[in-house]
Amino acid sequence: MPHVDQDGTDHVTTQEPLRVSILRHGGRLLASIHTALDDSQMLRFQHDLIDQIGQHRPSGVIIDVAALDVLDSFGSNTLRKISEIARLRGAVTVIVGIQPDVAFTMVELGMDAGFAHTALDLEEGLSFFGAAGRTQDSPAMRRSTLPL
């Protein structure tokens with residue numbers, strides 16, 4: 001993006017590459033966050049994932065947060081918004097890989113996953129949808145109705 005200072009100097013502002021992968025896996029999207037994201041990066045992730053949901057119309061979205069050792073209220077709210085938007089677009093969201101310390105902090109702060117389901121890891125998140133693409137109900141994979 002071009003940016004012009006008050007003295008007329010032209011600068012080009014570049015965005016740092018987002019450390020998130022968004023892949024298609026069957027009729028689902030798999031979004032893996034590779035490292036901590038600041039608020040602006042989290043918003044870019046939200047925008048990119050919502051665009052992918054609109055483009056590919058998945059039945060499910062898996063968001064892997066295993067690499068995050070911290071999830072602040074902004075990040076938690078962003079994940080909740082993504083899951084609600086996905087739900088309104090017809091996709092079920094499963095958040096996988098929440099670290100024990102992150103889960104503890106979320107409970108202490110009264111944060112939850114909103115409409116998203118949660119699973120221990122990516123393998124359980126994938127099995128949530130089952131072989132035929134239907135959701136399965138197990139104790140480890142339920143919709144978050146209480147704060148995590």
# chains A, B, ... in the order shown; residues from 1 in each chain; ligands from 1
>>> select_by_dssp(residues="stretch 8-89 of chain A", states="alpha helix (DSSP H)", output="number ranges by chain")
A: 39-56, 73-88
>>> residues_around(residues="A:Ser32", least_positions_apart="5", cutoff="8 Å", atoms="only C-alpha atoms", output="JSON, numbers by chain")
{"A": [20, 21, 22, 63, 64, 65]}
>>> write_last_selection(atoms="N, CA and C atoms", output="compact mmCIF listing (two decimals), in the first residue's frame")
# COMPACT_ATOMS: atom_id res chain seq x y z
N VAL A 20 -0.51 -18.58 9.03
CA VAL A 20 -1.68 -19.44 9.13
C VAL A 20 -1.85 -20.17 7.80
N SER A 21 -2.16 -21.46 7.87
CA SER A 21 -2.47 -22.22 6.66
C SER A 21 -3.97 -22.50 6.64
N ILE A 22 -4.59 -22.31 5.49
CA ILE A 22 -5.99 -22.66 5.30
C ILE A 22 -6.05 -23.63 4.12
N ILE A 63 -10.32 -25.37 13.19
CA ILE A 63 -9.30 -24.36 13.49
C ILE A 63 -8.35 -24.97 14.52
N ASP A 64 -7.10 -25.15 14.12
CA ASP A 64 -6.09 -25.76 14.98
C ASP A 64 -5.29 -24.65 15.67
N VAL A 65 -5.42 -24.58 17.00
CA VAL A 65 -4.74 -23.55 17.78
C VAL A 65 -3.66 -24.15 18.67
>>> closest_residue(among="A:Pro17, A:Gly75, A:Gly27, A:Pro58", to="A:Asp112", atoms="only C-alpha atoms")
A:Gly75
>>> closest_residue(among="A:Ile85, A:Val94, A:Leu79, A:Ala116", to="A:Phe45", atoms="only C-alpha atoms")
A:Leu79
>>> atom_distance(atom1="atom CA of A:Leu126", atom2="atom CA of A:Val96")
9.4 Å
>>> residues_around(residues="A:Asn77", least_positions_apart="2", cutoff="9 Å", atoms="only C-alpha atoms", output="ChimeraX atom specification")
/A:72-75,79-82,111-114
>>> write_last_selection(atoms="N, CA and C atoms", output="short mmCIF file (atom, residue, chain, number, x, y, z; two decimals), in the first residue's frame")
data_model
loop_
_atom_site.label_atom_id
_atom_site.label_comp_id
_atom_site.auth_asym_id
_atom_site.auth_seq_id
_atom_site.Cartn_x
_atom_site.Cartn_y
_atom_site.Cartn_z
N ASP A 72 -5.67 -14.42 24.11
CA ASP A 72 -6.28 -13.33 24.86
C ASP A 72 -7.76 -13.21 24.50
N SER A 73 -8.43 -12.27 25.16
CA SER A 73 -9.87 -12.11 24.94
C SER A 73 -10.18 -11.71 23.50
N PHE A 74 -9.31 -10.91 22.87
CA PHE A 74 -9.54 -10.53 21.48
C PHE A 74 -9.47 -11.75 20.58
N GLY A 75 -8.47 -12.59 20.78
CA GLY A 75 -8.33 -13.81 19.99
C GLY A 75 -9.50 -14.74 20.19
N LEU A 79 -12.23 -15.95 17.34
CA LEU A 79 -12.57 -17.34 17.05
C LEU A 79 -14.07 -17.57 17.20
N ARG A 80 -14.66 -16.97 18.21
CA ARG A 80 -16.11 -17.09 18.42
C ARG A 80 -16.87 -16.48 17.25
N LYS A 81 -16.43 -15.31 16.77
CA LYS A 81 -17.09 -14.67 15.63
C LYS A 81 -16.96 -15.53 14.37
N ILE A 82 -15.78 -16.09 14.16
CA ILE A 82 -15.58 -16.96 13.00
C ILE A 82 -16.55 -18.13 13.05
N MET A 111 -14.29 -16.83 29.40
CA MET A 111 -14.36 -16.86 27.94
C MET A 111 -14.82 -18.24 27.50
N ASP A 112 -15.53 -18.30 26.37
CA ASP A 112 -15.94 -19.60 25.83
C ASP A 112 -15.76 -19.62 24.32
N ALA A 113 -16.10 -20.76 23.72
CA ALA A 113 -15.91 -20.93 22.28
C ALA A 113 -17.18 -20.64 21.50
N GLY A 114 -18.20 -20.12 22.14
CA GLY A 114 -19.42 -19.76 21.43
C GLY A 114 -20.06 -20.96 20.75
#
>>> closest_residue(among="A:Val102, A:Ser76, A:Ala66, A:Asp51", to="A:Leu120", atoms="only C-alpha atoms")
A:Ala66
>>> residues_around(residues="A:Gln41", least_positions_apart="5", cutoff="12 Å", atoms="only C-alpha atoms", output="list in words")
Gln15, Glu16, Pro17, Leu18, Arg19, Val20, Ile33, Thr35, Ala36, Gln46, His47, Asp48, Phe74, Gly75 and Thr78 of chain A
>>> write_last_selection(atoms="N, CA and C atoms", output="PDB file, in the first residue's frame")
ATOM      1  N   GLN A  15       2.550  -5.863   4.134  1.00  0.00           N
ATOM      2  CA  GLN A  15       2.061  -6.627   5.262  1.00  0.00           C
ATOM      3  C   GLN A  15       2.927  -7.858   5.438  1.00  0.00           C
ATOM      4  N   GLU A  16       3.206  -8.169   6.689  1.00  0.00           N
ATOM      5  CA  GLU A  16       3.962  -9.366   7.016  1.00  0.00           C
ATOM      6  C   GLU A  16       3.118 -10.584   6.642  1.00  0.00           C
ATOM      7  N   PRO A  17       3.750 -11.624   6.093  1.00  0.00           N
ATOM      8  CA  PRO A  17       2.962 -12.811   5.744  1.00  0.00           C
ATOM      9  C   PRO A  17       2.284 -13.401   6.983  1.00  0.00           C
ATOM     10  N   LEU A  18       1.055 -13.826   6.796  1.00  0.00           N
ATOM     11  CA  LEU A  18       0.284 -14.411   7.888  1.00  0.00           C
ATOM     12  C   LEU A  18       0.771 -15.830   8.129  1.00  0.00           C
ATOM     13  N   ARG A  19       1.017 -16.171   9.377  1.00  0.00           N
ATOM     14  CA  ARG A  19       1.518 -17.498   9.734  1.00  0.00           C
ATOM     15  C   ARG A  19       0.367 -18.451  10.032  1.00  0.00           C
ATOM     16  N   VAL A  20      -0.512 -18.583   9.027  1.00  0.00           N
ATOM     17  CA  VAL A  20      -1.680 -19.437   9.127  1.00  0.00           C
ATOM     18  C   VAL A  20      -1.849 -20.172   7.799  1.00  0.00           C
ATOM     19  N   ILE A  33      -3.138 -22.354  12.825  1.00  0.00           N
ATOM     20  CA  ILE A  33      -2.384 -21.175  13.242  1.00  0.00           C
ATOM     21  C   ILE A  33      -1.016 -21.662  13.709  1.00  0.00           C
ATOM     22  N   THR A  35       1.749 -19.763  14.736  1.00  0.00           N
ATOM     23  CA  THR A  35       2.429 -18.980  15.754  1.00  0.00           C
ATOM     24  C   THR A  35       1.472 -17.915  16.288  1.00  0.00           C
ATOM     25  N   ALA A  36       1.825 -17.284  17.379  1.00  0.00           N
ATOM     26  CA  ALA A  36       0.967 -16.250  17.968  1.00  0.00           C
ATOM     27  C   ALA A  36       0.693 -15.148  16.946  1.00  0.00           C
ATOM     28  N   GLN A  46      -9.268 -13.873  10.315  1.00  0.00           N
ATOM     29  CA  GLN A  46     -10.726 -13.935  10.285  1.00  0.00           C
ATOM     30  C   GLN A  46     -11.238 -13.631   8.881  1.00  0.00           C
ATOM     31  N   HIS A  47     -10.764 -12.555   8.298  1.00  0.00           N
ATOM     32  CA  HIS A  47     -11.194 -12.146   6.962  1.00  0.00           C
ATOM     33  C   HIS A  47     -10.863 -13.222   5.930  1.00  0.00           C
ATOM     34  N   ASP A  48      -9.640 -13.738   5.961  1.00  0.00           N
ATOM     35  CA  ASP A  48      -9.217 -14.756   4.995  1.00  0.00           C
ATOM     36  C   ASP A  48     -10.047 -16.029   5.135  1.00  0.00           C
ATOM     37  N   PHE A  74      -9.312 -10.913  22.869  1.00  0.00           N
ATOM     38  CA  PHE A  74      -9.538 -10.528  21.482  1.00  0.00           C
ATOM     39  C   PHE A  74      -9.471 -11.755  20.575  1.00  0.00           C
ATOM     40  N   GLY A  75      -8.467 -12.592  20.784  1.00  0.00           N
ATOM     41  CA  GLY A  75      -8.329 -13.808  19.987  1.00  0.00           C
ATOM     42  C   GLY A  75      -9.503 -14.745  20.193  1.00  0.00           C
ATOM     43  N   THR A  78     -12.503 -13.360  18.460  1.00  0.00           N
ATOM     44  CA  THR A  78     -12.365 -13.520  17.015  1.00  0.00           C
ATOM     45  C   THR A  78     -12.716 -14.942  16.608  1.00  0.00           C
TER      46      THR A  78
END
>>> atom_distance(atom1="atom CA of A:Met106", atom2="atom CA of A:Ile53")
26.4 Å
>>> closest_residue(among="A:Ile62, A:Ala86, A:Ile95, A:Val107", to="A:Leu29", atoms="only C-alpha atoms")
A:Ile62
>>> decode(residues="stretch 53-85 of chain A", atoms="N, CA and C atoms", output="PDB file, in the first residue's frame")
ATOM      1  N   ILE A  53     -14.534 -19.629   3.393  1.00  0.00           N
ATOM      2  CA  ILE A  53     -15.830 -20.259   3.664  1.00  0.00           C
ATOM      3  C   ILE A  53     -16.823 -19.886   2.564  1.00  0.00           C
ATOM      4  N   GLY A  54     -16.830 -18.623   2.174  1.00  0.00           N
ATOM      5  CA  GLY A  54     -17.723 -18.189   1.098  1.00  0.00           C
ATOM      6  C   GLY A  54     -17.362 -18.805  -0.243  1.00  0.00           C
ATOM      7  N   GLN A  55     -16.086 -18.935  -0.499  1.00  0.00           N
ATOM      8  CA  GLN A  55     -15.631 -19.464  -1.788  1.00  0.00           C
ATOM      9  C   GLN A  55     -15.848 -20.971  -1.913  1.00  0.00           C
ATOM     10  N   HIS A  56     -15.543 -21.730  -0.862  1.00  0.00           N
ATOM     11  CA  HIS A  56     -15.559 -23.191  -0.956  1.00  0.00           C
ATOM     12  C   HIS A  56     -16.800 -23.842  -0.361  1.00  0.00           C
ATOM     13  N   ARG A  57     -17.608 -23.088   0.399  1.00  0.00           N
ATOM     14  CA  ARG A  57     -18.843 -23.581   1.002  1.00  0.00           C
ATOM     15  C   ARG A  57     -18.667 -24.924   1.722  1.00  0.00           C
ATOM     16  N   PRO A  58     -17.765 -24.971   2.686  1.00  0.00           N
ATOM     17  CA  PRO A  58     -17.514 -26.237   3.389  1.00  0.00           C
ATOM     18  C   PRO A  58     -18.655 -26.589   4.343  1.00  0.00           C
ATOM     19  N   SER A  59     -18.758 -27.878   4.663  1.00  0.00           N
ATOM     20  CA  SER A  59     -19.731 -28.301   5.675  1.00  0.00           C
ATOM     21  C   SER A  59     -19.148 -28.132   7.070  1.00  0.00           C
ATOM     22  N   GLY A  60     -17.820 -28.031   7.153  1.00  0.00           N
ATOM     23  CA  GLY A  60     -17.167 -27.883   8.438  1.00  0.00           C
ATOM     24  C   GLY A  60     -15.873 -27.106   8.341  1.00  0.00           C
ATOM     25  N   VAL A  61     -15.500 -26.517   9.461  1.00  0.00           N
ATOM     26  CA  VAL A  61     -14.256 -25.757   9.562  1.00  0.00           C
ATOM     27  C   VAL A  61     -13.544 -26.231  10.822  1.00  0.00           C
ATOM     28  N   ILE A  62     -12.287 -26.613  10.676  1.00  0.00           N
ATOM     29  CA  ILE A  62     -11.474 -26.993  11.833  1.00  0.00           C
ATOM     30  C   ILE A  62     -10.403 -25.931  12.000  1.00  0.00           C
ATOM     31  N   ILE A  63     -10.316 -25.368  13.187  1.00  0.00           N
ATOM     32  CA  ILE A  63      -9.297 -24.362  13.487  1.00  0.00           C
ATOM     33  C   ILE A  63      -8.351 -24.965  14.519  1.00  0.00           C
ATOM     34  N   ASP A  64      -7.100 -25.151  14.117  1.00  0.00           N
ATOM     35  CA  ASP A  64      -6.087 -25.759  14.983  1.00  0.00           C
ATOM     36  C   ASP A  64      -5.292 -24.650  15.668  1.00  0.00           C
ATOM     37  N   VAL A  65      -5.422 -24.577  16.995  1.00  0.00           N
ATOM     38  CA  VAL A  65      -4.742 -23.546  17.777  1.00  0.00           C
ATOM     39  C   VAL A  65      -3.656 -24.146  18.671  1.00  0.00           C
ATOM     40  N   ALA A  66      -3.199 -25.370  18.356  1.00  0.00           N
ATOM     41  CA  ALA A  66      -2.228 -26.080  19.199  1.00  0.00           C
ATOM     42  C   ALA A  66      -0.928 -25.298  19.385  1.00  0.00           C
ATOM     43  N   ALA A  67      -0.563 -24.467  18.417  1.00  0.00           N
ATOM     44  CA  ALA A  67       0.687 -23.715  18.512  1.00  0.00           C
ATOM     45  C   ALA A  67       0.584 -22.501  19.435  1.00  0.00           C
ATOM     46  N   LEU A  68      -0.633 -22.162  19.862  1.00  0.00           N
ATOM     47  CA  LEU A  68      -0.822 -20.976  20.707  1.00  0.00           C
ATOM     48  C   LEU A  68      -0.674 -21.330  22.173  1.00  0.00           C
ATOM     49  N   ASP A  69       0.269 -20.679  22.840  1.00  0.00           N
ATOM     50  CA  ASP A  69       0.394 -20.877  24.283  1.00  0.00           C
ATOM     51  C   ASP A  69      -0.313 -19.764  25.044  1.00  0.00           C
ATOM     52  N   VAL A  70      -0.849 -18.777  24.309  1.00  0.00           N
ATOM     53  CA  VAL A  70      -1.616 -17.677  24.896  1.00  0.00           C
ATOM     54  C   VAL A  70      -2.769 -17.374  23.943  1.00  0.00           C
ATOM     55  N   LEU A  71      -3.948 -17.171  24.510  1.00  0.00           N
ATOM     56  CA  LEU A  71      -5.099 -16.744  23.715  1.00  0.00           C
ATOM     57  C   LEU A  71      -5.816 -15.677  24.526  1.00  0.00           C
ATOM     58  N   ASP A  72      -5.667 -14.425  24.108  1.00  0.00           N
ATOM     59  CA  ASP A  72      -6.282 -13.326  24.859  1.00  0.00           C
ATOM     60  C   ASP A  72      -7.757 -13.207  24.505  1.00  0.00           C
ATOM     61  N   SER A  73      -8.430 -12.265  25.156  1.00  0.00           N
ATOM     62  CA  SER A  73      -9.868 -12.110  24.940  1.00  0.00           C
ATOM     63  C   SER A  73     -10.175 -11.708  23.503  1.00  0.00           C
ATOM     64  N   PHE A  74      -9.312 -10.913  22.869  1.00  0.00           N
ATOM     65  CA  PHE A  74      -9.538 -10.528  21.482  1.00  0.00           C
ATOM     66  C   PHE A  74      -9.471 -11.755  20.575  1.00  0.00           C
ATOM     67  N   GLY A  75      -8.467 -12.592  20.784  1.00  0.00           N
ATOM     68  CA  GLY A  75      -8.329 -13.808  19.987  1.00  0.00           C
ATOM     69  C   GLY A  75      -9.503 -14.745  20.193  1.00  0.00           C
ATOM     70  N   SER A  76      -9.915 -14.906  21.445  1.00  0.00           N
ATOM     71  CA  SER A  76     -11.058 -15.756  21.758  1.00  0.00           C
ATOM     72  C   SER A  76     -12.327 -15.229  21.107  1.00  0.00           C
ATOM     73  N   ASN A  77     -12.544 -13.921  21.188  1.00  0.00           N
ATOM     74  CA  ASN A  77     -13.721 -13.312  20.560  1.00  0.00           C
ATOM     75  C   ASN A  77     -13.680 -13.475  19.050  1.00  0.00           C
ATOM     76  N   THR A  78     -12.503 -13.360  18.460  1.00  0.00           N
ATOM     77  CA  THR A  78     -12.365 -13.520  17.015  1.00  0.00           C
ATOM     78  C   THR A  78     -12.716 -14.942  16.608  1.00  0.00           C
ATOM     79  N   LEU A  79     -12.228 -15.946  17.342  1.00  0.00           N
ATOM     80  CA  LEU A  79     -12.569 -17.338  17.046  1.00  0.00           C
ATOM     81  C   LEU A  79     -14.070 -17.569  17.204  1.00  0.00           C
ATOM     82  N   ARG A  80     -14.665 -16.967  18.213  1.00  0.00           N
ATOM     83  CA  ARG A  80     -16.105 -17.093  18.424  1.00  0.00           C
ATOM     84  C   ARG A  80     -16.872 -16.477  17.249  1.00  0.00           C
ATOM     85  N   LYS A  81     -16.433 -15.310  16.772  1.00  0.00           N
ATOM     86  CA  LYS A  81     -17.091 -14.669  15.626  1.00  0.00           C
ATOM     87  C   LYS A  81     -16.963 -15.526  14.369  1.00  0.00           C
ATOM     88  N   ILE A  82     -15.779 -16.093  14.162  1.00  0.00           N
ATOM     89  CA  ILE A  82     -15.579 -16.964  12.996  1.00  0.00           C
ATOM     90  C   ILE A  82     -16.554 -18.134  13.054  1.00  0.00           C
ATOM     91  N   SER A  83     -16.674 -18.755  14.233  1.00  0.00           N
ATOM     92  CA  SER A  83     -17.561 -19.919  14.343  1.00  0.00           C
ATOM     93  C   SER A  83     -19.023 -19.533  14.136  1.00  0.00           C
ATOM     94  N   GLU A  84     -19.412 -18.361  14.597  1.00  0.00           N
ATOM     95  CA  GLU A  84     -20.792 -17.930  14.397  1.00  0.00           C
ATOM     96  C   GLU A  84     -21.064 -17.608  12.935  1.00  0.00           C
ATOM     97  N   ILE A  85     -20.138 -16.933  12.283  1.00  0.00           N
ATOM     98  CA  ILE A  85     -20.298 -16.631  10.858  1.00  0.00           C
ATOM     99  C   ILE A  85     -20.337 -17.929  10.053  1.00  0.00           C
TER     100      ILE A  85
END
